[in-house]
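Raw contents of input00.cif, mmCIF, C-alpha atoms and all ligand atoms:
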```cif
data_final
loop_
_atom_site.group_PDB
_atom_site.id
_atom_site.type_symbol
_atom_site.label_atom_id
_atom_site.label_comp_id
_atom_site.auth_asym_id
_atom_site.auth_seq_id
_atom_site.Cartn_x
_atom_site.Cartn_y
_atom_site.Cartn_z
ATOM 1 C CA MET A 106 105.863 150.439 53.455
ATOM 2 C CA THR A 107 102.665 151.938 52.084
ATOM 3 C CA HIS A 108 102.456 155.316 50.343
ATOM 4 C CA GLY A 109 100.101 157.435 52.477
ATOM 5 C CA ALA A 110 98.068 156.155 55.410
ATOM 6 C CA PRO A 111 96.898 152.553 54.849
ATOM 7 C CA PRO A 112 93.398 151.667 56.021
ATOM 8 C CA SER A 113 93.607 149.939 59.374
ATOM 9 C CA PHE A 114 93.161 146.158 59.437
ATOM 10 C CA PRO A 115 90.998 145.352 62.457
ATOM 11 C CA HIS A 116 91.912 141.651 62.869
ATOM 12 C CA ARG A 117 94.655 140.179 65.041
ATOM 13 C CA HIS A 118 94.877 137.018 62.906
ATOM 14 C CA LEU A 119 94.319 136.190 59.242
ATOM 15 C CA LEU A 120 92.569 132.832 59.396
ATOM 16 C CA GLY A 121 90.449 133.048 56.247
ATOM 17 C CA ILE A 122 88.891 135.298 53.625
ATOM 18 C CA GLU A 123 85.507 134.492 55.139
ATOM 19 C CA GLY A 124 84.646 137.307 57.532
ATOM 20 C CA LEU A 125 86.711 139.972 55.745
ATOM 21 C CA THR A 126 84.870 142.944 54.249
ATOM 22 C CA ARG A 127 85.468 144.238 50.740
ATOM 23 C CA PRO A 128 87.315 147.358 52.040
ATOM 24 C CA GLU A 129 89.533 145.130 54.200
ATOM 25 C CA ILE A 130 90.429 142.939 51.203
ATOM 26 C CA GLU A 131 90.994 145.981 48.981
ATOM 27 C CA GLY A 132 93.134 147.584 51.705
ATOM 28 C CA LEU A 133 95.399 144.521 51.742
ATOM 29 C CA LEU A 134 95.643 144.614 47.931
ATOM 30 C CA ASP A 135 96.597 148.311 48.054
ATOM 31 C CA ARG A 136 99.322 147.554 50.604
ATOM 32 C CA ALA A 137 100.493 144.684 48.374
ATOM 33 C CA ASP A 138 100.735 146.992 45.342
ATOM 34 C CA ALA A 139 103.199 149.102 47.337
ATOM 35 C CA ALA A 140 105.087 145.948 48.364
ATOM 36 C CA VAL A 141 105.517 144.996 44.687
ATOM 37 C CA ASP A 142 107.363 148.289 44.163
ATOM 38 C CA ILE A 143 109.612 147.551 47.159
ATOM 39 C CA SER A 144 110.354 144.017 45.960
ATOM 40 C CA ARG A 145 111.428 145.350 42.547
ATOM 41 C CA GLN A 146 114.033 147.679 44.083
ATOM 42 C CA ILE A 147 117.660 146.740 44.721
ATOM 43 C CA GLU A 148 117.247 147.650 48.430
ATOM 44 C CA LYS A 149 114.276 145.597 49.575
ATOM 45 C CA LYS A 150 114.737 145.732 53.333
ATOM 46 C CA ARG A 151 112.254 147.609 55.562
ATOM 47 C CA VAL A 152 112.006 147.926 59.353
ATOM 48 C CA THR A 153 108.276 147.334 59.933
ATOM 49 C CA LEU A 154 108.950 144.029 61.733
ATOM 50 C CA ARG A 155 112.413 144.846 63.122
ATOM 51 C CA GLY A 156 112.905 142.990 66.391
ATOM 52 C CA ARG A 157 109.898 140.744 65.768
ATOM 53 C CA THR A 158 110.026 136.946 65.555
ATOM 54 C CA GLN A 159 108.073 135.066 62.877
ATOM 55 C CA ILE A 160 107.765 131.268 62.975
ATOM 56 C CA ASN A 161 106.725 129.369 59.847
ATOM 57 C CA LEU A 162 105.151 126.097 60.973
ATOM 58 C CA PHE A 163 104.345 123.903 57.993
ATOM 59 C CA PHE A 164 102.848 120.446 58.618
ATOM 60 C CA GLU A 165 102.417 119.925 54.845
ATOM 61 C CA PRO A 166 104.911 120.394 52.009
ATOM 62 C CA SER A 167 105.147 123.816 50.390
ATOM 63 C CA THR A 168 107.409 125.579 47.939
ATOM 64 C CA ARG A 169 105.708 128.886 47.123
ATOM 65 C CA THR A 170 103.897 129.718 50.355
ATOM 66 C CA GLN A 171 106.649 128.895 52.818
ATOM 67 C CA SER A 172 109.451 130.545 50.839
ATOM 68 C CA SER A 173 107.404 133.670 50.122
ATOM 69 C CA PHE A 174 106.395 134.057 53.795
ATOM 70 C CA GLU A 175 110.082 133.727 54.686
ATOM 71 C CA LEU A 176 111.130 136.343 52.140
ATOM 72 C CA ALA A 177 108.238 138.626 53.119
ATOM 73 C CA GLY A 178 109.153 138.492 56.821
ATOM 74 C CA LYS A 179 112.842 139.101 56.093
ATOM 75 C CA ARG A 180 112.102 142.010 53.749
ATOM 76 C CA LEU A 181 110.135 143.602 56.592
ATOM 77 C CA GLY A 182 113.018 143.091 59.017
ATOM 78 C CA ALA A 183 111.688 140.155 61.101
ATOM 79 C CA ASP A 184 113.752 137.264 62.448
ATOM 80 C CA VAL A 185 112.209 134.306 60.641
ATOM 81 C CA MET A 186 112.431 130.705 61.804
ATOM 82 C CA ASN A 187 111.245 127.828 59.621
ATOM 83 C CA MET A 188 110.141 124.911 61.816
ATOM 84 C CA SER A 189 110.873 121.636 60.123
ATOM 85 C CA VAL A 190 107.961 119.446 61.164
ATOM 86 C CA ALA A 191 109.602 116.412 59.536
ATOM 87 C CA SER A 192 112.412 116.542 62.133
ATOM 88 C CA SER A 193 110.338 117.905 65.045
ATOM 89 C CA SER A 194 108.730 116.229 68.049
ATOM 90 C CA VAL A 195 105.458 116.081 66.082
ATOM 91 C CA LYS A 196 107.005 112.923 64.625
ATOM 92 C CA LYS A 197 107.240 111.527 68.183
ATOM 93 C CA GLY A 198 103.527 111.985 68.757
ATOM 94 C CA GLU A 199 103.358 115.528 70.147
ATOM 95 C CA THR A 200 99.903 117.050 69.659
ATOM 96 C CA LEU A 201 99.215 120.259 67.785
ATOM 97 C CA ILE A 202 98.197 121.940 71.060
ATOM 98 C CA ASP A 203 101.434 120.938 72.793
ATOM 99 C CA THR A 204 103.468 122.098 69.803
ATOM 100 C CA ALA A 205 101.588 125.418 69.891
ATOM 101 C CA ALA A 206 102.156 125.844 73.634
ATOM 102 C CA THR A 207 105.865 125.066 73.232
ATOM 103 C CA LEU A 208 106.327 127.605 70.452
ATOM 104 C CA ASN A 209 104.221 130.160 72.330
ATOM 105 C CA ALA A 210 106.621 129.917 75.284
ATOM 106 C CA MET A 211 109.382 131.185 72.975
ATOM 107 C CA ARG A 212 107.419 134.440 72.570
ATOM 108 C CA PRO A 213 107.005 134.690 68.803
ATOM 109 C CA ASP A 214 105.101 137.670 67.393
ATOM 110 C CA ILE A 215 103.607 135.928 64.352
ATOM 111 C CA ILE A 216 103.126 132.231 63.558
ATOM 112 C CA VAL A 217 102.351 131.214 59.962
ATOM 113 C CA VAL A 218 100.739 127.769 59.895
ATOM 114 C CA ARG A 219 99.920 125.213 57.228
ATOM 115 C CA HIS A 220 98.127 122.081 58.389
ATOM 116 C CA GLN A 221 96.455 119.159 56.670
ATOM 117 C CA SER A 222 93.272 119.433 58.776
ATOM 118 C CA ALA A 223 90.559 122.041 58.207
ATOM 119 C CA GLY A 224 90.142 124.120 61.360
ATOM 120 C CA ALA A 225 93.555 123.262 62.847
ATOM 121 C CA VAL A 226 94.839 126.812 62.357
ATOM 122 C CA HIS A 227 91.793 128.292 64.134
ATOM 123 C CA LEU A 228 92.410 125.925 67.044
ATOM 124 C CA LEU A 229 96.070 126.905 67.242
ATOM 125 C CA ALA A 230 95.164 130.614 67.161
ATOM 126 C CA ARG A 231 93.115 130.122 70.345
ATOM 127 C CA LYS A 232 96.122 128.621 72.160
ATOM 128 C CA VAL A 233 98.810 131.244 71.499
ATOM 129 C CA ASP A 234 99.313 134.893 72.436
ATOM 130 C CA CYS A 235 100.655 136.061 69.067
ATOM 131 C CA SER A 236 99.144 136.721 65.632
ATOM 132 C CA VAL A 237 98.449 133.672 63.463
ATOM 133 C CA VAL A 238 98.264 133.479 59.663
ATOM 134 C CA ASN A 239 96.588 130.583 57.892
ATOM 135 C CA ALA A 240 98.906 129.313 55.135
ATOM 136 C CA GLY A 241 96.380 126.624 54.130
ATOM 137 C CA ASP A 242 94.283 124.304 56.314
ATOM 138 C CA GLY A 243 93.055 121.098 54.724
ATOM 139 C CA ALA A 244 90.379 121.761 52.098
ATOM 140 C CA HIS A 245 89.130 124.781 54.052
ATOM 141 C CA GLU A 246 90.925 128.076 53.285
ATOM 142 C CA HIS A 247 94.148 129.480 51.809
ATOM 143 C CA PRO A 248 93.560 133.197 52.278
ATOM 144 C CA THR A 249 96.914 134.555 51.081
ATOM 145 C CA GLN A 250 96.579 132.527 47.856
ATOM 146 C CA ALA A 251 93.203 134.171 47.176
ATOM 147 C CA LEU A 252 94.689 137.604 47.910
ATOM 148 C CA LEU A 253 97.627 137.072 45.557
ATOM 149 C CA ASP A 254 95.249 135.818 42.871
ATOM 150 C CA ALA A 255 93.051 138.905 43.286
ATOM 151 C CA LEU A 256 96.118 141.170 43.146
ATOM 152 C CA THR A 257 97.337 139.463 39.950
ATOM 153 C CA ILE A 258 93.936 139.845 38.300
ATOM 154 C CA ARG A 259 93.523 143.477 39.389
ATOM 155 C CA ARG A 260 96.961 144.458 38.075
ATOM 156 C CA ASN A 261 96.377 142.763 34.709
ATOM 157 C CA LYS A 262 92.727 143.610 34.074
ATOM 158 C CA GLY A 263 92.598 146.902 35.954
ATOM 159 C CA ARG A 264 89.540 145.721 37.894
ATOM 160 C CA ILE A 265 87.845 142.654 39.347
ATOM 161 C CA GLU A 266 84.266 143.976 39.429
ATOM 162 C CA GLY A 267 82.187 142.428 36.635
ATOM 163 C CA LEU A 268 84.801 139.905 35.438
ATOM 164 C CA GLN A 269 83.716 136.343 34.679
ATOM 165 C CA VAL A 270 86.077 133.922 36.416
ATOM 166 C CA ALA A 271 86.064 130.143 35.864
ATOM 167 C CA ILE A 272 87.613 127.959 38.577
ATOM 168 C CA CYS A 273 88.263 124.578 36.986
ATOM 169 C CA GLY A 274 89.075 121.067 38.124
ATOM 170 C CA ASP A 275 89.334 119.500 41.559
ATOM 171 C CA VAL A 276 87.127 121.965 43.456
ATOM 172 C CA LEU A 277 86.178 119.310 46.023
ATOM 173 C CA HIS A 278 89.621 119.100 47.623
ATOM 174 C CA SER A 279 90.635 122.719 47.055
ATOM 175 C CA ARG A 280 91.112 125.342 49.773
ATOM 176 C CA VAL A 281 92.278 127.659 46.970
ATOM 177 C CA ALA A 282 88.877 127.372 45.268
ATOM 178 C CA ARG A 283 86.963 128.064 48.464
ATOM 179 C CA SER A 284 89.001 131.149 49.411
ATOM 180 C CA ASN A 285 88.879 132.449 45.837
ATOM 181 C CA ILE A 286 85.118 132.024 45.536
ATOM 182 C CA ILE A 287 84.607 134.106 48.688
ATOM 183 C CA SER A 288 87.217 136.720 47.769
ATOM 184 C CA LEU A 289 86.330 137.198 44.094
ATOM 185 C CA GLN A 290 82.609 137.451 44.811
ATOM 186 C CA ALA A 291 83.281 139.990 47.582
ATOM 187 C CA LEU A 292 85.227 142.020 44.998
ATOM 188 C CA GLY A 293 82.356 141.920 42.489
ATOM 189 C CA ALA A 294 83.395 139.118 40.089
ATOM 190 C CA ARG A 295 81.018 136.458 38.778
ATOM 191 C CA VAL A 296 82.384 132.995 39.506
ATOM 192 C CA ARG A 297 81.797 129.680 37.743
ATOM 193 C CA VAL A 298 83.105 126.329 38.871
ATOM 194 C CA ILE A 299 83.809 123.647 36.285
ATOM 195 C CA GLY A 300 84.677 120.010 36.919
ATOM 196 C CA PRO A 301 83.456 116.434 36.867
ATOM 197 C CA SER A 302 80.569 115.935 39.293
ATOM 198 C CA THR A 303 82.806 113.668 41.418
ATOM 199 C CA LEU A 304 85.128 116.632 42.062
ATOM 200 C CA LEU A 305 82.476 119.266 42.837
ATOM 201 C CA PRO A 306 81.296 119.562 46.461
ATOM 202 C CA ALA A 307 77.613 118.777 47.056
ATOM 203 C CA GLY A 308 75.663 122.024 47.417
ATOM 204 C CA ILE A 309 78.390 124.221 45.874
ATOM 205 C CA GLU A 310 75.569 126.296 44.274
ATOM 206 C CA ARG A 311 74.858 127.690 47.733
ATOM 207 C CA PHE A 312 78.058 129.731 47.376
ATOM 208 C CA GLY A 313 76.347 131.683 44.569
ATOM 209 C CA VAL A 314 78.490 130.187 41.781
ATOM 210 C CA GLU A 315 77.355 128.826 38.405
ATOM 211 C CA VAL A 316 78.179 125.129 38.077
ATOM 212 C CA PHE A 317 79.321 123.369 34.877
ATOM 213 C CA THR A 318 80.339 119.767 34.369
ATOM 214 C CA ASN A 319 81.136 120.401 30.687
ATOM 215 C CA MET A 320 84.340 122.424 30.422
ATOM 216 C CA ARG A 321 83.701 123.599 26.879
ATOM 217 C CA GLU A 322 80.370 125.124 27.944
ATOM 218 C CA GLY A 323 81.758 126.559 31.160
ATOM 219 C CA LEU A 324 84.706 128.345 29.553
ATOM 220 C CA ARG A 325 82.601 130.363 27.113
ATOM 221 C CA ASP A 326 83.182 134.118 27.469
ATOM 222 C CA CYS A 327 85.339 133.854 30.587
ATOM 223 C CA ASP A 328 87.885 136.592 31.391
ATOM 224 C CA ILE A 329 89.949 134.474 33.775
ATOM 225 C CA VAL A 330 90.533 130.712 33.650
ATOM 226 C CA MET A 331 91.851 129.507 36.987
ATOM 227 C CA MET A 332 93.035 125.902 36.893
ATOM 228 C CA LEU A 333 93.322 123.724 40.002
ATOM 229 C CA ARG A 334 95.687 120.867 40.720
ATOM 230 C CA LEU A 335 94.228 117.380 40.766
ATOM 231 C CA GLN A 336 94.913 116.635 44.454
ATOM 232 C CA ARG A 337 95.471 112.909 44.286
ATOM 233 C CA GLU A 338 97.058 112.878 47.768
ATOM 234 C CA ARG A 339 93.679 113.903 49.257
ATOM 235 C CA MET A 340 91.677 111.302 47.329
ATOM 236 C CA ASN A 341 90.695 108.115 49.103
ATOM 237 C CA GLY A 342 88.979 106.520 46.124
ATOM 238 C CA SER A 343 88.676 106.774 42.368
ATOM 239 C CA PHE A 344 87.399 110.242 41.494
ATOM 240 C CA VAL A 345 88.491 110.199 37.822
ATOM 241 C CA PRO A 346 88.681 107.222 35.447
ATOM 242 C CA SER A 347 92.287 107.979 34.424
ATOM 243 C CA VAL A 348 94.649 110.920 34.143
ATOM 244 C CA LYS A 349 94.477 110.635 30.344
ATOM 245 C CA GLU A 350 90.663 110.835 30.384
ATOM 246 C CA TYR A 351 90.788 113.706 32.845
ATOM 247 C CA PHE A 352 93.095 115.737 30.622
ATOM 248 C CA ARG A 353 90.934 115.055 27.592
ATOM 249 C CA TYR A 354 87.779 116.444 29.214
ATOM 250 C CA TYR A 355 89.077 118.863 31.874
ATOM 251 C CA GLY A 356 92.709 119.644 31.016
ATOM 252 C CA LEU A 357 93.233 123.177 29.695
ATOM 253 C CA ASP A 358 94.648 123.036 26.154
ATOM 254 C CA GLY A 359 94.575 125.488 23.271
ATOM 255 C CA ASP A 360 91.253 124.222 21.879
ATOM 256 C CA LYS A 361 89.415 124.690 25.167
ATOM 257 C CA LEU A 362 91.084 128.020 25.981
ATOM 258 C CA ALA A 363 89.910 129.348 22.591
ATOM 259 C CA LEU A 364 86.332 129.167 23.918
ATOM 260 C CA ALA A 365 87.073 131.800 26.574
ATOM 261 C CA LYS A 366 87.388 135.483 25.626
ATOM 262 C CA PRO A 367 90.304 136.219 23.246
ATOM 263 C CA ASP A 368 92.045 138.227 26.001
ATOM 264 C CA ALA A 369 91.341 135.633 28.700
ATOM 265 C CA LEU A 370 94.151 135.063 31.182
ATOM 266 C CA VAL A 371 95.210 131.723 32.645
ATOM 267 C CA MET A 372 96.101 131.138 36.306
ATOM 268 C CA HIS A 373 97.213 128.197 38.428
ATOM 269 C CA PRO A 374 98.172 128.337 42.133
ATOM 270 C CA GLY A 375 100.881 125.701 41.674
ATOM 271 C CA PRO A 376 102.292 123.183 41.980
ATOM 272 C CA MET A 377 101.167 122.240 38.462
ATOM 273 C CA ASN A 378 100.676 118.803 37.016
ATOM 274 C CA ARG A 379 101.578 119.447 33.382
ATOM 275 C CA GLY A 380 99.600 117.229 31.043
ATOM 276 C CA VAL A 381 97.050 116.464 33.775
ATOM 277 C CA GLU A 382 95.111 119.702 34.404
ATOM 278 C CA ILE A 383 97.028 122.014 32.063
ATOM 279 C CA ALA A 384 98.994 121.610 28.835
ATOM 280 C CA SER A 385 102.607 122.770 28.989
ATOM 281 C CA ASP A 386 102.256 125.212 26.081
ATOM 282 C CA ILE A 387 99.334 126.934 27.856
ATOM 283 C CA ALA A 388 101.147 127.050 31.222
ATOM 284 C CA ASP A 389 104.128 128.744 29.539
ATOM 285 C CA GLY A 390 102.123 130.679 26.936
ATOM 286 C CA ALA A 391 101.386 134.363 26.400
ATOM 287 C CA GLN A 392 98.074 134.234 28.276
ATOM 288 C CA SER A 393 99.574 132.663 31.397
ATOM 289 C CA LEU A 394 99.970 134.656 34.626
ATOM 290 C CA ILE A 395 101.418 131.744 36.585
ATOM 291 C CA ARG A 396 104.911 133.216 37.124
ATOM 292 C CA GLU A 397 103.454 136.607 38.011
ATOM 293 C CA GLN A 398 101.261 134.930 40.656
ATOM 294 C CA VAL A 399 104.440 133.782 42.394
ATOM 295 C CA GLU A 400 105.855 137.325 42.440
ATOM 296 C CA MET A 401 102.550 138.668 43.808
ATOM 297 C CA GLY A 402 102.730 136.018 46.537
ATOM 298 C CA VAL A 403 105.682 137.719 48.202
ATOM 299 C CA ALA A 404 104.001 141.141 47.986
ATOM 300 C CA VAL A 405 100.696 139.927 49.419
ATOM 301 C CA ARG A 406 102.452 138.200 52.316
ATOM 302 C CA MET A 407 104.399 141.389 53.060
ATOM 303 C CA ALA A 408 101.072 143.246 53.073
ATOM 304 C CA VAL A 409 99.463 140.757 55.453
ATOM 305 C CA LEU A 410 102.425 140.755 57.864
ATOM 306 C CA GLU A 411 102.500 144.547 57.824
ATOM 307 C CA ALA A 412 98.746 144.763 58.470
ATOM 308 C CA LEU A 413 99.002 142.390 61.434
ATOM 309 C CA ALA A 414 102.044 144.235 62.792
ATOM 310 C CA SER A 415 99.786 147.113 63.835
ATOM 311 C CA HIS A 416 98.254 144.759 66.443
ATOM 312 C CA LEU A 417 101.538 143.628 67.966
ATOM 313 C CA PRO A 418 102.206 145.005 71.462
ATOM 314 C CA ASN A 419 104.910 147.671 71.641
ATOM 315 C CA GLU A 420 105.679 147.293 75.351
HETATM 316 N N1 LIG B 501 99.954 127.485 45.923
HETATM 317 C C1 LIG B 501 100.563 126.920 46.993
HETATM 318 O O1 LIG B 501 100.074 126.927 48.112
HETATM 319 O O2 LIG B 501 101.773 126.352 46.690
HETATM 320 P P1 LIG B 501 102.719 125.596 47.753
HETATM 321 O O3 LIG B 501 101.993 124.346 48.158
HETATM 322 O O4 LIG B 501 104.006 125.336 47.002
HETATM 323 O O5 LIG B 501 102.923 126.510 48.921
#
```

Re-express the file's structure as structure tokens.
Amino acid sequence: MTHGAPPSFPHRHLLGIEGLTRPEIEGLLDRADAAVDISRQIEKKRVTLRGRTQINLFFEPSTRTQSSFELAGKRLGADVMNMSVASSSVKKGETLIDTAATLNAMRPDIIVVRHQSAGAVHLLARKVDCSVVNAGDGAHEHPTQALLDALTIRRNKGRIEGLQVAICGDVLHSRVARSNIISLQALGARVRVIGPSTLLPAGIERFGVEVFTNMREGLRDCDIVMMLRLQRERMNGSFVPSVKEYFRYYGLDGDKLALAKPDALVMHPGPMNRGVEIASDIADGAQSLIREQVEMGVAVRMAVLEALASHLPNE
């Protein structure tokens, strides 16, 4: 898939951005750049994963991640199976370990897992013989989201080094924020987090980020404004007074965006709550990269699957 020899990826699994080196991250982004070219051709099919079996095991809902992993696997020639957890024996009380052992017995080559609990994907990776990709585990990590965000930024700004990135909103419940903080800092960006104190994790400063509770102050001179979804399904109490109040102080609208640099770009991992964390005209506006993020998602997942393929046994 890649043009020229890609740098080797030394890991059997992709469980998080944490633990990856800058050259490893940049190598995946370079592979993904090549995958964008493939995805824009009429003939998109490659043979990198021909004969391989990929299982997508999603314990939480997903539109973008699951469908892009499916497309990525198919474009690389894999047989892809989407496990429907809603109609599986998980609903009859089967444990994650038993589910993993059952799937492992079917000899898959790659399992892509999303789970509501932080650490569940690491546990599963210890119980199977194949490669495992973390497609989001609780509020812990979402590594392919961070990679697709980095790819989108690099292609639009020409660099990541030295950019000022603001990650705004519900940082507390966000695996996207955590993976992006690690990834963007590894690539040389300066990262701010902005949100109400109730939605910022205690001790977030230890990650080396600047912290703002006033969005208007935090957005000043930013190159990238990355909005996060208000994750009400993960909240077990009242973290914001009301959605209306939240939008007033932390929703991205034209007035607040005007405080960032004039060429600032707007991102959102999706799914979006329009009128809650982002105004519709900003989400669909000229500065928005949100649709392009989705396209980059397929390319990044092709890059990750290809990188892991080099570790699959050939005998
Ligand atoms: N960004 C993201 O993970 O979206 P999905 O939940 O639709 O996969």

Checklist entry - Which residues, protein or nucleic acid, reach to within 7 Å of (80.9, 127.1, 39.6) in the file's coordinates when using all atoms listed in the file, and can you give that as a ChimeraX atom specification? => result /A:272,296-299,314-317

Item to check | Selection result of the PyMOL selection byres (((chain A and resi 332-335) around 7) and not hetatm) on this file, as a PyMOL selection string | outcome: chain A and resi 272-275+330-331+336-337+372-373+377-378+382

Closest atom pairs, chain A residues within 7 Å of ligand LIG 501 (chain B), all atoms listed in the file, as a tab-separated table:
```
residue	atom	partner	partner_atom	distance
A:Pro166	CA	B:LIG501	O3	6.2
A:Ser167	CA	B:LIG501	O5	3.8
A:Thr168	CA	B:LIG501	O4	3.5
A:Arg169	CA	B:LIG501	O4	3.9
A:Thr170	CA	B:LIG501	O5	3.6
A:Gln171	CA	B:LIG501	O5	5.9
A:Gln250	CA	B:LIG501	N1	6.4
A:Pro374	CA	B:LIG501	N1	4.3
A:Gly375	CA	B:LIG501	N1	4.7
A:Pro376	CA	B:LIG501	O2	5.7
```

Next on the checklist: What's around His227 of chain A at 9 Å? Count all atoms listed in the file, leave out sequence neighbours fewer than 5 positions away in its own chain, and write the answer as a ChimeraX atom specification.
Outcome noted: /A:120,237,239

Generate the output file for the selected residues, C-alpha atoms, as a CSV table (one decimal), in the coordinates of the input.
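Output saved as out-v6.csv:
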```
chain,number,residue,atom,x,y,z
A,120,LEU,CA,92.6,132.8,59.4
A,237,VAL,CA,98.4,133.7,63.5
A,239,ASN,CA,96.6,130.6,57.9
```

Which centre and edge lengths in Å to one decimal define the box along x, y and z that fits every listed atom of segment 131-142 of chain A plus 3 Å per side, as JSON?
```
{"center_x": 99.2, "center_y": 146.8, "center_z": 48.0, "size_x": 22.4, "size_y": 10.6, "size_z": 13.6}
```

Item to check | Residue nearest Leu370 of chain A among A:His416, A:Arg260, A:Arg117, A:Arg155 (counting all atoms listed in the file) | outcome: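 The closest residue to Leu370 of chain A is A:Arg260.
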
Next on the checklist: For a test of reading the model, state the distance in Å between atom CA of Val405 of chain A and atom CA of Cys235 of chain A, rounded to one decimal.
Outcome noted: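 According to the coordinates, atom CA of Val405 of chain A and atom CA of Cys235 of chain A are separated by 20.0 Å.
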
Checklist outcome for this item: Atom pair atom CA of Ala294 of chain A + atom CA of Met407 of chain A, distance 24.8 Å

Item to check | Residues near Leu413 of chain A, cut-off 8 Å, only C-alpha atoms, skip fewer than 6 positions along chain, as a PyMOL selection string | outcome: chain A and resi 114+116-118+236

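Distance-wise, atom CA of Phe312 of chain A and atom CA of Gln290 of chain A end up 9.3 Å apart.
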
Item to check | Contacts of Arg264 of chain A within 10 Å, only C-alpha atoms, excl. fewer than 5 positions in-chain, as number ranges by chain | outcome: A: 255-256, 258-259, 292-294

Determine, counting only C-alpha atoms, every residue of protein, DNA or RNA that lies within 10 Å of (101.9, 137.9, 46.7) in the file coordinates, then give the result as an mmCIF file with C-alpha atoms, in the frame of the given file.
```cif
data_model
loop_
_atom_site.group_PDB
_atom_site.id
_atom_site.type_symbol
_atom_site.label_atom_id
_atom_site.label_comp_id
_atom_site.auth_asym_id
_atom_site.auth_seq_id
_atom_site.Cartn_x
_atom_site.Cartn_y
_atom_site.Cartn_z
ATOM 1 C CA LEU A 134 95.643 144.614 47.931
ATOM 2 C CA ALA A 137 100.493 144.684 48.374
ATOM 3 C CA ASP A 138 100.735 146.992 45.342
ATOM 4 C CA ALA A 140 105.087 145.948 48.364
ATOM 5 C CA VAL A 141 105.517 144.996 44.687
ATOM 6 C CA ARG A 169 105.708 128.886 47.123
ATOM 7 C CA THR A 170 103.897 129.718 50.355
ATOM 8 C CA SER A 173 107.404 133.670 50.122
ATOM 9 C CA PHE A 174 106.395 134.057 53.795
ATOM 10 C CA ALA A 177 108.238 138.626 53.119
ATOM 11 C CA THR A 249 96.914 134.555 51.081
ATOM 12 C CA GLN A 250 96.579 132.527 47.856
ATOM 13 C CA ALA A 251 93.203 134.171 47.176
ATOM 14 C CA LEU A 252 94.689 137.604 47.910
ATOM 15 C CA LEU A 253 97.627 137.072 45.557
ATOM 16 C CA ASP A 254 95.249 135.818 42.871
ATOM 17 C CA ALA A 255 93.051 138.905 43.286
ATOM 18 C CA LEU A 256 96.118 141.170 43.146
ATOM 19 C CA THR A 257 97.337 139.463 39.950
ATOM 20 C CA GLU A 397 103.454 136.607 38.011
ATOM 21 C CA GLN A 398 101.261 134.930 40.656
ATOM 22 C CA VAL A 399 104.440 133.782 42.394
ATOM 23 C CA GLU A 400 105.855 137.325 42.440
ATOM 24 C CA MET A 401 102.550 138.668 43.808
ATOM 25 C CA GLY A 402 102.730 136.018 46.537
ATOM 26 C CA VAL A 403 105.682 137.719 48.202
ATOM 27 C CA ALA A 404 104.001 141.141 47.986
ATOM 28 C CA VAL A 405 100.696 139.927 49.419
ATOM 29 C CA ARG A 406 102.452 138.200 52.316
ATOM 30 C CA MET A 407 104.399 141.389 53.060
ATOM 31 C CA ALA A 408 101.072 143.246 53.073
ATOM 32 C CA VAL A 409 99.463 140.757 55.453
#
```

Checklist entry - Where does the PyMOL selection byres (((chain A and resi 216-225) around 8) and not hetatm) land in this file, that is, which residues does it pick, as JSON, numbers by chain? => result {"A": [159, 160, 161, 162, 163, 164, 165, 174, 213, 214, 215, 226, 227, 228, 229, 235, 236, 237, 238, 239, 240, 241, 242, 243, 244, 245, 246]}

Next on the checklist: Neighbouring residues of Asp386 of chain A were defined as those with any atom within 10 Å, considering all atoms listed in the file; residues of the same chain fewer than 5 positions away were excluded. Please report them as a PyMOL selection string.
Outcome noted: chain A and resi 357-359+379-380+391+393

Take the residues just selected and output them with C-alpha atoms as a tab-separated table (two decimals), in the frame of the given file.
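After the write, out.tsv holds the following:
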```
chain	number	residue	atom	x	y	z
A	357	LEU	CA	93.23	123.18	29.70
A	358	ASP	CA	94.65	123.04	26.15
A	359	GLY	CA	94.58	125.49	23.27
A	379	ARG	CA	101.58	119.45	33.38
A	380	GLY	CA	99.60	117.23	31.04
A	391	ALA	CA	101.39	134.36	26.40
A	393	SER	CA	99.57	132.66	31.40
```

Checklist entry - Gln392 of chain A: which residues within 10 Å, counting only C-alpha atoms, same-chain residues fewer than 5 positions away excluded, as a ChimeraX atom specification? => result /A:329-330,362,367-372,387

Next on the checklist: Please expand the PyMOL selection byres (((chain A and resi 287) around 10) and not hetatm) into the concrete residues it hits in this file, giving the result as a PyMOL selection string.
Outcome noted: chain A and resi 121-125+246+248+251+282-286+288-292+296+312-313

Checklist entry - Which residue gives the smallest distance to Asn209 of chain A among A:Ser192, A:Thr158, A:Ser113, A:Thr126, with all atoms listed in the file counted? => result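 Looking at the shortest contact to Asn209 of chain A, the residue is A:Thr158.
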
Next on the checklist: Let me make sure I understand: among A:Asp328, A:Ala139, A:Arg321, A:Ala384, which one has the smallest atom-to-atom distance to Lys349 of chain A if we use only C-alpha atoms?
Outcome noted: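 Using only C-alpha atoms, Lys349 of chain A sits closest to A:Ala384.
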
Checklist entry - Nearest to Met186 of chain A: which of A:Leu119, A:Met320, A:Leu417, A:Met211 is it, counting only C-alpha atoms? => result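 Closest residue, counting only C-alpha atoms: A:Met211.
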
Checklist entry - Which of these, A:Thr318, A:Ser385, A:Ser415, A:Ser343, has the shortest distance to Gly300 of chain A once you count all atoms listed in the file? => result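 Checking each of A:Thr318, A:Ser385, A:Ser415, A:Ser343 against Gly300 of chain A, counting all atoms listed in the file, the winner is A:Thr318.
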